[in-house]
file entry-v7.cif (mmCIF, C-alpha atoms and all ligand atoms)
data_target
#
loop_
_atom_site.label_atom_id
_atom_site.label_comp_id
_atom_site.auth_asym_id
_atom_site.auth_seq_id
_atom_site.Cartn_x
_atom_site.Cartn_y
_atom_site.Cartn_z
CA MET A 717 1.49 -52.19 84.18
CA GLN A 718 -0.85 -51.39 87.11
CA THR A 719 -4.36 -50.44 86.13
CA GLY A 720 -6.24 -50.25 89.40
CA GLN A 721 -8.63 -52.90 88.07
CA ALA A 722 -9.49 -55.82 90.32
CA LYS A 723 -10.86 -58.28 87.77
CA PRO A 724 -8.13 -60.40 86.16
CA LEU A 725 -9.74 -60.45 82.70
CA LEU A 726 -10.00 -56.65 82.64
CA ARG A 727 -6.43 -56.29 83.91
CA ALA A 728 -5.16 -58.49 81.08
CA LEU A 729 -7.14 -56.45 78.56
CA ALA A 730 -5.61 -53.27 79.97
CA GLY A 731 -2.18 -54.68 79.12
CA GLU A 732 -1.04 -56.46 82.29
CA ALA A 733 0.81 -59.79 82.18
CA LEU A 734 -0.72 -62.02 84.88
CA SER A 735 0.40 -65.35 86.26
CA PRO A 736 -1.66 -67.46 86.27
CA PRO A 737 -3.43 -65.95 83.25
CA PRO A 738 -7.18 -65.26 83.34
CA TRP A 739 -9.17 -67.74 81.29
CA TRP A 740 -12.55 -68.59 79.77
CA LEU A 741 -13.56 -70.87 76.91
CA MET A 742 -15.45 -70.11 73.72
CA ARG A 743 -18.69 -72.14 73.84
CA GLN A 744 -18.13 -72.88 77.51
CA ALA A 745 -21.89 -73.27 77.97
CA GLY A 746 -23.35 -76.12 75.98
CA ARG A 747 -23.94 -79.73 75.26
CA TYR A 748 -20.83 -81.15 76.98
CA LEU A 749 -22.46 -80.22 80.33
CA PRO A 750 -25.26 -82.46 81.69
CA GLU A 751 -26.84 -79.46 83.44
CA TYR A 752 -27.01 -77.66 80.04
CA ARG A 753 -28.83 -80.59 78.46
CA GLU A 754 -31.29 -80.59 81.35
CA VAL A 755 -32.17 -76.88 80.90
CA ARG A 756 -32.15 -77.20 77.08
CA ALA A 757 -34.85 -79.89 77.33
CA ARG A 758 -37.11 -77.42 79.14
CA ALA A 759 -37.28 -74.93 76.23
CA ARG A 760 -39.26 -75.56 73.06
CA ASP A 761 -36.41 -74.49 70.82
CA PHE A 762 -33.02 -72.82 70.87
CA VAL A 763 -34.28 -69.34 69.90
CA GLU A 764 -36.78 -69.46 72.75
CA LEU A 765 -33.97 -70.51 75.09
CA CYS A 766 -31.93 -67.44 74.09
CA LEU A 767 -34.99 -65.21 74.66
CA THR A 768 -35.89 -66.56 78.12
CA PRO A 769 -33.76 -64.52 80.56
CA GLU A 770 -34.25 -66.86 83.49
CA LEU A 771 -32.90 -69.86 81.55
CA ALA A 772 -30.25 -67.92 79.61
CA ALA A 773 -28.90 -66.44 82.87
CA GLU A 774 -28.74 -69.91 84.38
CA LEU A 775 -26.84 -71.24 81.31
CA THR A 776 -24.40 -68.31 81.46
CA LEU A 777 -23.52 -69.20 85.04
CA GLN A 778 -23.37 -73.01 84.82
CA PRO A 779 -19.73 -73.27 83.67
CA ILE A 780 -18.64 -70.60 86.18
CA ARG A 781 -20.13 -72.54 89.08
CA ARG A 782 -18.32 -75.69 88.04
CA TYR A 783 -14.95 -74.33 86.97
CA GLY A 784 -14.61 -70.70 88.09
CA MET A 785 -13.56 -69.20 84.75
CA HIS A 786 -12.70 -65.47 84.92
CA GLY A 787 -15.12 -64.66 82.11
CA ALA A 788 -18.84 -65.48 81.94
CA ILE A 789 -20.06 -65.18 78.34
CA LEU A 790 -23.68 -64.15 77.94
CA PHE A 791 -25.74 -67.08 76.72
CA SER A 792 -27.19 -66.22 73.31
CA ASP A 793 -26.14 -66.73 69.67
CA ILE A 794 -24.67 -64.60 66.89
CA LEU A 795 -27.74 -65.42 64.77
CA MET A 796 -30.10 -63.64 67.17
CA LEU A 797 -29.20 -60.43 65.30
CA PRO A 798 -30.60 -61.54 61.90
CA TYR A 799 -33.56 -62.94 63.83
CA ALA A 800 -34.16 -59.52 65.39
CA LEU A 801 -33.88 -57.89 61.95
CA GLY A 802 -36.83 -60.00 60.85
CA GLN A 803 -35.14 -62.95 59.11
CA LYS A 804 -36.69 -66.35 59.80
CA LEU A 805 -34.35 -68.58 61.84
CA ALA A 806 -34.62 -72.16 63.08
CA PHE A 807 -32.17 -74.55 64.71
CA HIS A 808 -32.80 -78.15 63.73
CA GLU A 809 -31.45 -80.88 65.98
CA GLY A 810 -28.04 -82.04 64.77
CA GLU A 811 -28.18 -79.88 61.61
CA GLY A 812 -27.25 -76.39 62.69
CA PRO A 813 -29.09 -73.19 61.86
CA VAL A 814 -31.43 -72.67 58.90
CA LEU A 815 -32.29 -69.14 57.74
CA GLU A 816 -34.54 -67.81 55.02
CA ARG A 817 -31.99 -66.66 52.42
CA ILE A 818 -31.21 -62.98 51.74
CA GLU A 819 -30.01 -62.74 48.14
CA ASP A 820 -30.15 -59.15 46.92
CA PRO A 821 -30.43 -55.49 47.95
CA ALA A 822 -34.24 -55.69 47.77
CA ALA A 823 -34.23 -58.33 50.51
CA VAL A 824 -31.84 -56.17 52.55
CA GLY A 825 -34.38 -53.33 52.27
CA LYS A 826 -36.97 -55.48 54.03
CA LEU A 827 -34.80 -55.97 57.13
CA ASP A 828 -35.84 -53.63 59.89
CA ALA A 829 -33.05 -52.28 62.13
CA ARG A 830 -35.57 -50.45 64.33
CA ARG A 831 -36.62 -53.77 65.83
CA ILE A 832 -33.23 -54.47 67.46
CA ALA A 833 -33.79 -52.83 70.84
CA SER A 834 -37.22 -54.36 71.48
CA ALA A 835 -36.66 -57.80 69.93
CA LEU A 836 -33.41 -58.29 71.82
CA ASP A 837 -34.52 -56.80 75.12
CA PRO A 838 -34.65 -60.32 76.68
CA VAL A 839 -30.90 -60.66 75.97
CA PHE A 840 -30.30 -57.35 77.79
CA GLU A 841 -32.46 -58.63 80.66
CA THR A 842 -30.27 -61.75 80.84
CA ALA A 843 -27.20 -59.50 81.14
CA ARG A 844 -28.81 -57.46 83.95
CA ARG A 845 -29.67 -60.62 85.87
CA VAL A 846 -26.23 -62.21 85.51
CA ARG A 847 -24.33 -59.03 86.31
CA GLY A 848 -26.39 -58.52 89.45
CA GLY A 849 -25.30 -61.84 90.92
CA LEU A 850 -21.76 -62.17 89.61
CA ASP A 851 -18.87 -62.64 92.06
CA PRO A 852 -16.33 -59.78 92.09
CA ARG A 853 -13.56 -61.65 90.21
CA THR A 854 -15.67 -62.72 87.23
CA THR A 855 -16.15 -60.49 84.17
CA LEU A 856 -19.35 -60.53 82.10
CA ILE A 857 -18.56 -60.85 78.39
CA GLY A 858 -21.10 -59.80 75.77
CA PHE A 859 -20.75 -60.62 72.10
CA ALA A 860 -21.98 -60.35 68.55
CA GLY A 861 -21.01 -61.92 65.27
CA ALA A 862 -18.95 -59.60 63.07
CA PRO A 863 -20.83 -58.39 59.96
CA TRP A 864 -19.01 -60.64 57.46
CA THR A 865 -19.65 -63.84 59.44
CA VAL A 866 -23.29 -62.96 60.14
CA ALA A 867 -23.74 -62.10 56.44
CA THR A 868 -22.43 -65.53 55.43
CA TYR A 869 -25.23 -67.23 57.37
CA MET A 870 -27.84 -64.75 56.12
CA VAL A 871 -26.95 -65.18 52.46
CA GLU A 872 -26.11 -68.90 52.45
CA GLY A 873 -29.21 -69.68 54.53
CA GLY A 874 -27.07 -71.52 57.10
CA GLY A 875 -23.60 -72.98 57.28
CA SER A 876 -21.55 -73.41 54.11
CA ARG A 877 -18.58 -75.30 52.76
CA ASP A 878 -17.31 -72.87 50.14
CA PHE A 879 -19.35 -69.66 50.69
CA ARG A 880 -20.06 -69.44 46.97
CA ARG A 881 -23.39 -67.62 47.30
CA VAL A 882 -22.21 -64.89 49.64
CA LYS A 883 -18.89 -64.43 47.84
CA SER A 884 -20.52 -64.39 44.41
CA TRP A 885 -22.82 -61.60 45.50
CA ALA A 886 -19.97 -59.66 47.16
CA TYR A 887 -17.66 -59.91 44.13
CA ARG A 888 -20.36 -59.34 41.49
CA ASP A 889 -22.05 -56.39 43.22
CA PRO A 890 -19.73 -55.01 45.93
CA GLN A 891 -21.80 -51.86 46.43
CA GLY A 892 -25.02 -53.78 46.84
CA PHE A 893 -23.32 -56.13 49.29
CA ASP A 894 -21.91 -53.13 51.19
CA ALA A 895 -25.53 -52.21 51.99
CA LEU A 896 -25.95 -55.49 53.89
CA ILE A 897 -22.60 -55.13 55.69
CA ASP A 898 -23.35 -51.50 56.61
CA LEU A 899 -26.77 -52.41 57.97
CA LEU A 900 -25.21 -55.21 60.02
CA ALA A 901 -22.50 -52.89 61.35
CA ASP A 902 -25.14 -50.35 62.47
CA ALA A 903 -27.32 -53.05 63.99
CA THR A 904 -24.30 -54.54 65.79
CA ILE A 905 -23.44 -51.14 67.28
CA GLU A 906 -27.01 -50.88 68.62
CA TYR A 907 -27.02 -54.46 69.87
CA LEU A 908 -23.70 -54.13 71.73
CA THR A 909 -24.72 -50.72 73.07
CA GLY A 910 -27.75 -52.42 74.63
CA GLN A 911 -25.59 -55.20 76.09
CA ILE A 912 -23.06 -52.80 77.61
CA GLY A 913 -25.87 -50.63 78.96
CA ALA A 914 -27.23 -53.77 80.67
CA GLY A 915 -23.97 -54.53 82.46
CA VAL A 916 -21.69 -56.36 80.03
CA GLU A 917 -18.04 -55.40 80.78
CA VAL A 918 -16.18 -56.69 77.68
CA VAL A 919 -17.44 -57.51 74.19
CA GLN A 920 -16.13 -60.03 71.70
CA LEU A 921 -16.77 -59.87 67.96
CA PHE A 922 -16.82 -63.38 66.49
CA ASP A 923 -15.60 -63.36 62.88
CA SER A 924 -15.55 -67.13 62.48
CA TRP A 925 -15.31 -67.00 58.67
CA ALA A 926 -12.87 -64.08 58.31
CA GLY A 927 -10.22 -66.46 56.97
CA THR A 928 -12.16 -67.32 53.83
CA LEU A 929 -11.56 -63.94 52.14
CA PRO A 930 -8.66 -62.75 49.96
CA GLU A 931 -6.87 -59.62 51.17
CA PRO A 932 -8.83 -56.81 49.45
CA ALA A 933 -12.15 -58.38 50.47
CA PHE A 934 -10.82 -58.97 54.00
CA VAL A 935 -9.99 -55.28 54.26
CA ARG A 936 -13.39 -54.19 52.92
CA TRP A 937 -15.70 -56.63 54.73
CA VAL A 938 -13.76 -57.70 57.83
CA ILE A 939 -11.46 -54.84 58.85
CA GLU A 940 -13.60 -51.86 57.77
CA PRO A 941 -16.91 -52.78 59.45
CA THR A 942 -15.05 -53.96 62.57
CA ARG A 943 -13.15 -50.67 62.72
CA ARG A 944 -16.44 -48.77 62.42
CA ILE A 945 -18.10 -50.80 65.22
CA VAL A 946 -15.07 -50.38 67.51
CA ALA A 947 -14.89 -46.61 66.86
CA ALA A 948 -18.60 -46.13 67.62
CA LEU A 949 -18.44 -48.18 70.83
CA LYS A 950 -15.29 -46.37 71.99
CA VAL A 951 -17.12 -43.03 71.66
CA ARG A 952 -20.04 -44.32 73.74
CA PHE A 953 -18.14 -46.51 76.23
CA ALA A 954 -14.46 -45.57 76.34
CA GLY A 955 -13.76 -48.02 79.17
CA CYS A 956 -15.28 -51.15 77.64
CA PRO A 957 -12.58 -53.38 76.09
CA ILE A 958 -13.27 -55.11 72.78
CA ILE A 959 -11.83 -58.46 71.65
CA GLY A 960 -11.84 -59.37 67.95
CA PHE A 961 -11.69 -62.99 66.81
CA PRO A 962 -10.86 -63.06 63.09
CA ARG A 963 -10.65 -66.83 62.80
CA GLY A 964 -8.36 -68.05 60.04
CA ALA A 965 -6.91 -64.57 59.34
CA GLY A 966 -3.37 -65.98 59.04
CA MET A 967 -0.95 -63.32 57.83
CA LEU A 968 -3.63 -60.63 58.22
CA HIS A 969 -3.84 -60.82 62.04
CA GLU A 970 -1.34 -58.02 62.55
CA ARG A 971 -3.14 -55.69 60.16
CA TYR A 972 -6.50 -56.57 61.75
CA LEU A 973 -5.18 -55.74 65.22
CA ARG A 974 -3.53 -52.48 64.11
CA ASP A 975 -6.35 -51.18 61.91
CA THR A 976 -9.54 -52.16 63.77
CA GLY A 977 -8.60 -50.67 67.15
CA VAL A 978 -9.61 -53.76 69.16
CA ASP A 979 -7.95 -54.12 72.58
CA GLY A 980 -7.48 -57.85 72.31
CA ILE A 981 -7.26 -60.43 69.55
CA GLY A 982 -8.48 -64.01 69.73
CA ILE A 983 -6.20 -66.36 67.80
CA ASP A 984 -7.28 -69.65 66.29
CA THR A 985 -5.46 -72.95 66.74
CA ALA A 986 -3.31 -72.54 63.61
CA VAL A 987 -1.63 -69.28 64.74
CA PRO A 988 1.92 -69.99 66.01
CA PRO A 989 2.22 -68.78 69.65
CA GLY A 990 5.75 -67.52 68.90
CA TYR A 991 4.35 -65.25 66.19
CA ALA A 992 1.60 -64.07 68.56
CA HIS A 993 4.22 -63.30 71.21
CA ARG A 994 6.54 -61.38 68.89
CA THR A 995 4.11 -59.62 66.59
CA LEU A 996 0.69 -59.38 68.25
CA GLN A 997 1.36 -58.97 72.00
CA PRO A 998 3.27 -55.69 71.50
CA LEU A 999 0.06 -54.33 69.89
CA GLY A 1000 -2.63 -55.80 72.15
CA THR A 1001 -3.77 -58.59 74.44
CA VAL A 1002 -3.65 -62.06 72.92
CA GLN A 1003 -6.37 -64.63 73.67
CA GLY A 1004 -6.16 -68.29 72.72
CA ASN A 1005 -5.41 -70.82 71.30
CA LEU A 1006 -5.51 -74.37 72.64
CA ASP A 1007 -6.77 -76.88 70.07
CA PRO A 1008 -10.29 -77.90 71.27
CA VAL A 1009 -9.38 -81.50 70.40
CA LEU A 1010 -6.63 -81.40 73.06
CA LEU A 1011 -9.30 -80.53 75.61
CA LEU A 1012 -11.36 -83.46 74.35
CA VAL A 1013 -8.33 -85.82 74.58
CA GLY A 1014 -7.04 -84.61 77.97
CA GLY A 1015 -4.15 -86.26 79.84
CA ALA A 1016 -0.47 -85.64 79.11
CA ALA A 1017 -1.15 -84.09 75.69
CA LEU A 1018 -3.36 -81.43 77.30
CA GLU A 1019 -0.85 -80.74 80.08
CA GLU A 1020 2.05 -80.28 77.70
CA ALA A 1021 0.11 -77.99 75.37
CA VAL A 1022 -1.19 -75.77 78.19
CA ARG A 1023 2.31 -75.42 79.66
CA GLY A 1024 3.73 -74.56 76.22
CA LEU A 1025 1.17 -71.79 75.65
CA ARG A 1026 1.76 -70.29 79.08
CA GLN A 1027 5.53 -70.33 78.59
CA MET A 1028 5.31 -68.59 75.24
CA LEU A 1029 2.53 -66.08 75.94
CA GLY A 1030 2.51 -65.64 79.75
CA ALA A 1031 5.15 -62.90 79.79
CA GLY A 1032 2.83 -60.48 77.95
CA PRO A 1033 -0.86 -59.55 78.16
CA TYR A 1034 -2.58 -62.90 77.76
CA ILE A 1035 -5.99 -64.53 78.25
CA PHE A 1036 -6.05 -68.30 78.05
CA ASN A 1037 -8.76 -69.72 75.77
CA LEU A 1038 -9.29 -72.29 73.05
CA GLY A 1039 -8.59 -71.68 69.37
CA HIS A 1040 -12.30 -72.37 68.67
CA GLY A 1041 -15.31 -73.56 70.68
CA VAL A 1042 -15.54 -76.46 73.18
CA LEU A 1043 -16.57 -79.61 71.30
CA PRO A 1044 -19.86 -81.17 72.51
CA GLU A 1045 -18.13 -84.55 73.14
CA THR A 1046 -15.58 -83.02 75.55
CA PRO A 1047 -15.54 -84.86 78.91
CA ALA A 1048 -16.46 -82.43 81.70
CA GLU A 1049 -13.58 -83.76 83.84
CA ASN A 1050 -11.05 -82.57 81.24
CA VAL A 1051 -12.26 -79.00 81.76
CA GLN A 1052 -11.77 -79.56 85.50
CA ALA A 1053 -8.22 -80.77 84.79
CA LEU A 1054 -7.63 -77.66 82.67
CA ALA A 1055 -8.83 -75.40 85.51
CA ARG A 1056 -6.33 -77.12 87.84
CA LEU A 1057 -3.49 -76.86 85.33
CA LEU A 1058 -4.14 -73.16 84.85
CA SER A 1059 -3.93 -72.46 88.57
CA GLU A 1060 -0.42 -73.97 88.82
CA PRO A 1061 2.61 -71.72 88.61
CA VAL A 1062 4.42 -71.76 85.27
CA LEU A 1063 7.43 -69.60 84.47
CA ALA A 1064 6.90 -67.64 81.27
CA GLN A 1065 9.92 -68.22 79.05
CA PRO A 1066 9.17 -66.89 75.62
CA MET A 1067 11.74 -67.92 73.07
CA ASP A 1068 12.60 -64.89 71.01
CA ALA A 1069 14.75 -66.68 68.48
O1 LIG A 1101 -20.67 -70.44 75.89
C1 LIG A 1101 -20.95 -69.74 74.91
O2 LIG A 1101 -20.09 -69.43 74.06
C2 LIG A 1101 -22.34 -69.18 74.87
C3 LIG A 1101 -23.01 -68.68 73.77
C4 LIG A 1101 -22.74 -68.92 72.28
C5 LIG A 1101 -23.47 -69.84 71.46
N1 LIG A 1101 -23.09 -69.62 70.17
C6 LIG A 1101 -24.47 -70.81 71.93
C7 LIG A 1101 -24.89 -71.93 71.06
C8 LIG A 1101 -21.87 -68.20 71.46
C9 LIG A 1101 -20.83 -67.16 71.82
C10 LIG A 1101 -22.12 -68.66 70.11
C11 LIG A 1101 -21.41 -68.09 68.95
C12 LIG A 1101 -21.69 -68.61 67.60
N2 LIG A 1101 -22.87 -69.10 67.11
C13 LIG A 1101 -20.76 -68.56 66.53
C14 LIG A 1101 -19.36 -67.97 66.60
C15 LIG A 1101 -18.37 -68.90 67.20
C16 LIG A 1101 -18.07 -70.12 66.37
O3 LIG A 1101 -18.39 -71.21 66.87
O4 LIG A 1101 -17.50 -69.99 65.28
C17 LIG A 1101 -21.40 -69.11 65.41
C18 LIG A 1101 -20.78 -69.29 64.03
C19 LIG A 1101 -22.75 -69.45 65.78
C20 LIG A 1101 -23.83 -70.02 64.93
C21 LIG A 1101 -24.33 -71.32 65.42
N3 LIG A 1101 -25.06 -71.50 66.57
C22 LIG A 1101 -24.20 -72.58 64.80
C23 LIG A 1101 -23.45 -72.84 63.49
C24 LIG A 1101 -24.85 -73.52 65.61
C25 LIG A 1101 -25.07 -74.99 65.34
C26 LIG A 1101 -23.88 -75.81 65.52
C27 LIG A 1101 -23.68 -76.17 66.96
O5 LIG A 1101 -22.56 -75.97 67.48
O6 LIG A 1101 -24.63 -76.67 67.55
C28 LIG A 1101 -25.35 -72.83 66.76
C29 LIG A 1101 -26.08 -73.42 67.90
C30 LIG A 1101 -25.63 -73.11 69.29
N4 LIG A 1101 -25.21 -71.89 69.71
C31 LIG A 1101 -25.61 -74.01 70.39
C32 LIG A 1101 -25.16 -73.28 71.50
C33 LIG A 1101 -25.00 -73.77 72.92
C34 LIG A 1101 -26.07 -75.46 70.36
C35 LIG A 1101 -27.56 -75.50 70.42
C36 LIG A 1101 -28.10 -76.78 70.99
O7 LIG A 1101 -28.18 -76.91 72.20
O8 LIG A 1101 -28.49 -77.63 70.17
#

call {"tool": "encode", "arguments": {"input": "entry-v7.cif", "output": "structure tokens"}}
result
Amino acid sequence: MQTGQAKPLLRALAGEALSPPPWWLMRQAGRYLPEYREVRARARDFVELCLTPELAAELTLQPIRRYGMHGAILFSDILMLPYALGQKLAFHEGEGPVLERIEDPAAVGKLDARRIASALDPVFETARRVRGGLDPRTTLIGFAGAPWTVATYMVEGGGSRDFRRVKSWAYRDPQGFDALIDLLADATIEYLTGQIGAGVEVVQLFDSWAGTLPEPAFVRWVIEPTRRIVAALKVRFAGCPIIGFPRGAGMLHERYLRDTGVDGIGIDTAVPPGYAHRTLQPLGTVQGNLDPVLLLVGGAALEEAVRGLRQMLGAGPYIFNLGHGVLPETPAENVQALARLLSEPVLAQPMDA
């Protein structure tokens, strides 16, 4: 399919099969890079880093300068949205995020969606700066957490093992919990509208904890709010492709892709590439799904896995990526080796049996 688009990532999202495939990596900016650690040390804390356009723009571009990925993902965090809504947020060294817990509809009523545009203006400024200096083959990717995943952090007060607080609330009082999800969907529409207005060319919705829900809850709190966000953005920006990443969705990937209206679907490491080729690629662009541990290990294991993915998925619309984020211990030279591997010719030979 010819689309008249020059940027490889946008061509793949418009349905073209490209060889070599365009690529970027989830969490491509971060602690595995010495130049990230150097900039990180200059900011008082992580929230401040995300709200300082000069530093955030630099962090967005660091991996591109080194490796030339086709996608530059805006440097920020999915938890900047609850922060902008007025929830207290802190990142403690080595512990992950800590949020003041939201536990009932009364606490939802105190969140203020009118603050989004002003509180997150520095993120939009980062996008304007990066877009202004980006080379013509690189695509600027914006992002937000999907409502369910953001809600898990807001209700649990941080990361969780079993999600018992957020699920208990959702199952006990589904209508009350809908109020939180609806507010997050509206806020996400505003947030992504601001990003696209500032020059972002693709957006990704990270639903990192989608795979923790049984089917009816997945439909209500993953598919429905995502469908609503996609529909609203398509009205405002018909040409801006949207990638959904419903991590862990298993047998619900196909329904997610059909019912949400996303242009592309990010698949996690556990999704069989043969299934993605047969069932998902006819419906949209597939992005994924190298095990991040293979990137950490490198060598022959990395080479073999990258070749296998390209053979299976390269004949359809495909963006190479990991199945989850780059691990902080990943040697920078393995990412260099990956960039080299991806530039080599590989014949796509999907096995349809
Ligand atoms: O290259 C990029 O992807 C840039 C921006 C980015 C970050 N976080 C920066 C970050 C993106 C797209 C995210 C997404 C994100 N944040 C997700 C969804 C993807 C996923 O990993 O499932 C989630 C769940 C979060 C929430 C979050 N942020 C956690 C749980 C943590 C702590 C754990 C960790 O990995 O450190 C963060 C912190 C964070 N976000 C860092 C970075 C670079 C590390 C901060 C540091 O320097 O200490």

call {"tool": "closest_atom_pairs", "arguments": {"input": "entry-v7.cif", "of": "chain A", "to": "ligand LIG 1101 (chain A)", "cutoff": "6 Å", "atoms": "all atoms listed in the file", "output": "CSV"}}
result
residue,atom,partner,partner_atom,distance
A:Met742,CA,A:LIG1101,O2,4.7
A:Arg743,CA,A:LIG1101,O2,3.1
A:Gln744,CA,A:LIG1101,O1,3.9
A:Ala745,CA,A:LIG1101,O1,3.7
A:Gly746,CA,A:LIG1101,C33,4.2
A:Arg747,CA,A:LIG1101,O7,5.9
A:Ile789,CA,A:LIG1101,C2,5.8
A:Phe791,CA,A:LIG1101,C3,4.3
A:Ser792,CA,A:LIG1101,C3,4.9
A:Asp793,CA,A:LIG1101,N1,4.2
A:Ile794,CA,A:LIG1101,N2,4.9
A:Gly812,CA,A:LIG1101,C25,3.7
A:Pro813,CA,A:LIG1101,C25,5.6
A:Phe922,CA,A:LIG1101,C14,5.2
A:Ser924,CA,A:LIG1101,O4,4.5
A:Gly1041,CA,A:LIG1101,O3,5.4

call {"tool": "residues_around", "arguments": {"input": "entry-v7.cif", "residues": "range 956-961 of chain A", "least_positions_apart": "5", "cutoff": "7 Å", "atoms": "all atoms listed in the file", "output": "ChimeraX atom specification"}}
result
/A:729,917-923,978-983

call {"tool": "write_last_selection", "arguments": {"input": "entry-v7.cif", "atoms": "C-alpha atoms", "output": "PDB file, in the coordinates of the input"}}
result
ATOM      1  CA  LEU A 729      -7.140 -56.450  78.560  1.00  0.00           C
ATOM      2  CA  GLU A 917     -18.040 -55.400  80.780  1.00  0.00           C
ATOM      3  CA  VAL A 918     -16.180 -56.690  77.680  1.00  0.00           C
ATOM      4  CA  VAL A 919     -17.440 -57.510  74.190  1.00  0.00           C
ATOM      5  CA  GLN A 920     -16.130 -60.030  71.700  1.00  0.00           C
ATOM      6  CA  LEU A 921     -16.770 -59.870  67.960  1.00  0.00           C
ATOM      7  CA  PHE A 922     -16.820 -63.380  66.490  1.00  0.00           C
ATOM      8  CA  ASP A 923     -15.600 -63.360  62.880  1.00  0.00           C
ATOM      9  CA  VAL A 978      -9.610 -53.760  69.160  1.00  0.00           C
ATOM     10  CA  ASP A 979      -7.950 -54.120  72.580  1.00  0.00           C
ATOM     11  CA  GLY A 980      -7.480 -57.850  72.310  1.00  0.00           C
ATOM     12  CA  ILE A 981      -7.260 -60.430  69.550  1.00  0.00           C
ATOM     13  CA  GLY A 982      -8.480 -64.010  69.730  1.00  0.00           C
ATOM     14  CA  ILE A 983      -6.200 -66.360  67.800  1.00  0.00           C
TER      15      ILE A 983
END

call {"tool": "residues_near_point", "arguments": {"input": "entry-v7.cif", "point": "(-23.8, -52.5, 82.7)", "cutoff": "12 Å", "atoms": "only C-alpha atoms", "output": "count of residues only"}}
result
28

call {"tool": "atom_distance", "arguments": {"input": "entry-v7.cif", "atom1": "CA of Glu774 in chain A", "atom2": "CA of Ala860 in chain A"}}
result
19.7 Å

call {"tool": "residues_around", "arguments": {"input": "entry-v7.cif", "residues": "Pro852 in chain A", "least_positions_apart": "5", "cutoff": "12 Å", "atoms": "only C-alpha atoms", "output": "VMD selection string"}}
result
chain A and resid 721 to 726 784 786 to 788 847

call {"tool": "residues_around", "arguments": {"input": "entry-v7.cif", "residues": "Tyr799 in chain A", "least_positions_apart": "6", "cutoff": "9 Å", "atoms": "all atoms listed in the file", "output": "count of residues only"}}
result
4

call {"tool": "closest_residue", "arguments": {"input": "entry-v7.cif", "among": "A:Ile780, A:Ala757, A:Leu790, A:Ala886", "to": "Asp851 in chain A", "atoms": "only C-alpha atoms"}}
result
A:Ile780

call {"tool": "residues_near_point", "arguments": {"input": "entry-v7.cif", "point": "(-12.1, -57.1, 62.3)", "cutoff": "8 Å", "atoms": "all atoms listed in the file", "output": "NGL selection string"}}
result
:A and (862 or 921 or 923 or 938-943 or 960-962 or 972-973 or 976)

call {"tool": "atom_distance", "arguments": {"input": "entry-v7.cif", "atom1": "CA of Tyr783 in chain A", "atom2": "CA of Ala1055 in chain A"}}
result
6.4 Å

call {"tool": "closest_residue", "arguments": {"input": "entry-v7.cif", "among": "A:Pro930, A:Pro1066, A:Pro821, A:Pro988", "to": "Ala1031 in chain A", "atoms": "all atoms listed in the file"}}
result
A:Pro1066

call {"tool": "residues_around", "arguments": {"input": "entry-v7.cif", "residues": "Arg753 in chain A", "least_positions_apart": "3", "cutoff": "12 Å", "atoms": "all atoms listed in the file", "output": "PyMOL selection string"}}
result
chain A and resi 745-750+756-759+762+765+771+775+778+1044

call {"tool": "residues_around", "arguments": {"input": "entry-v7.cif", "residues": "Ala829 in chain A", "least_positions_apart": "6", "cutoff": "10 Å", "atoms": "all atoms listed in the file", "output": "PyMOL selection string"}}
result
chain A and resi 797-798+800-802+899-900+902-904+906

call {"tool": "atom_distance", "arguments": {"input": "entry-v7.cif", "atom1": "CA of Tyr991 in chain A", "atom2": "CA of Val1022 in chain A"}}
result
16.9 Å

call {"tool": "closest_residue", "arguments": {"input": "entry-v7.cif", "among": "A:Ala992, A:Ile1035, A:Leu850, A:Ala933", "to": "Pro738 in chain A", "atoms": "all atoms listed in the file"}}
result
A:Ile1035
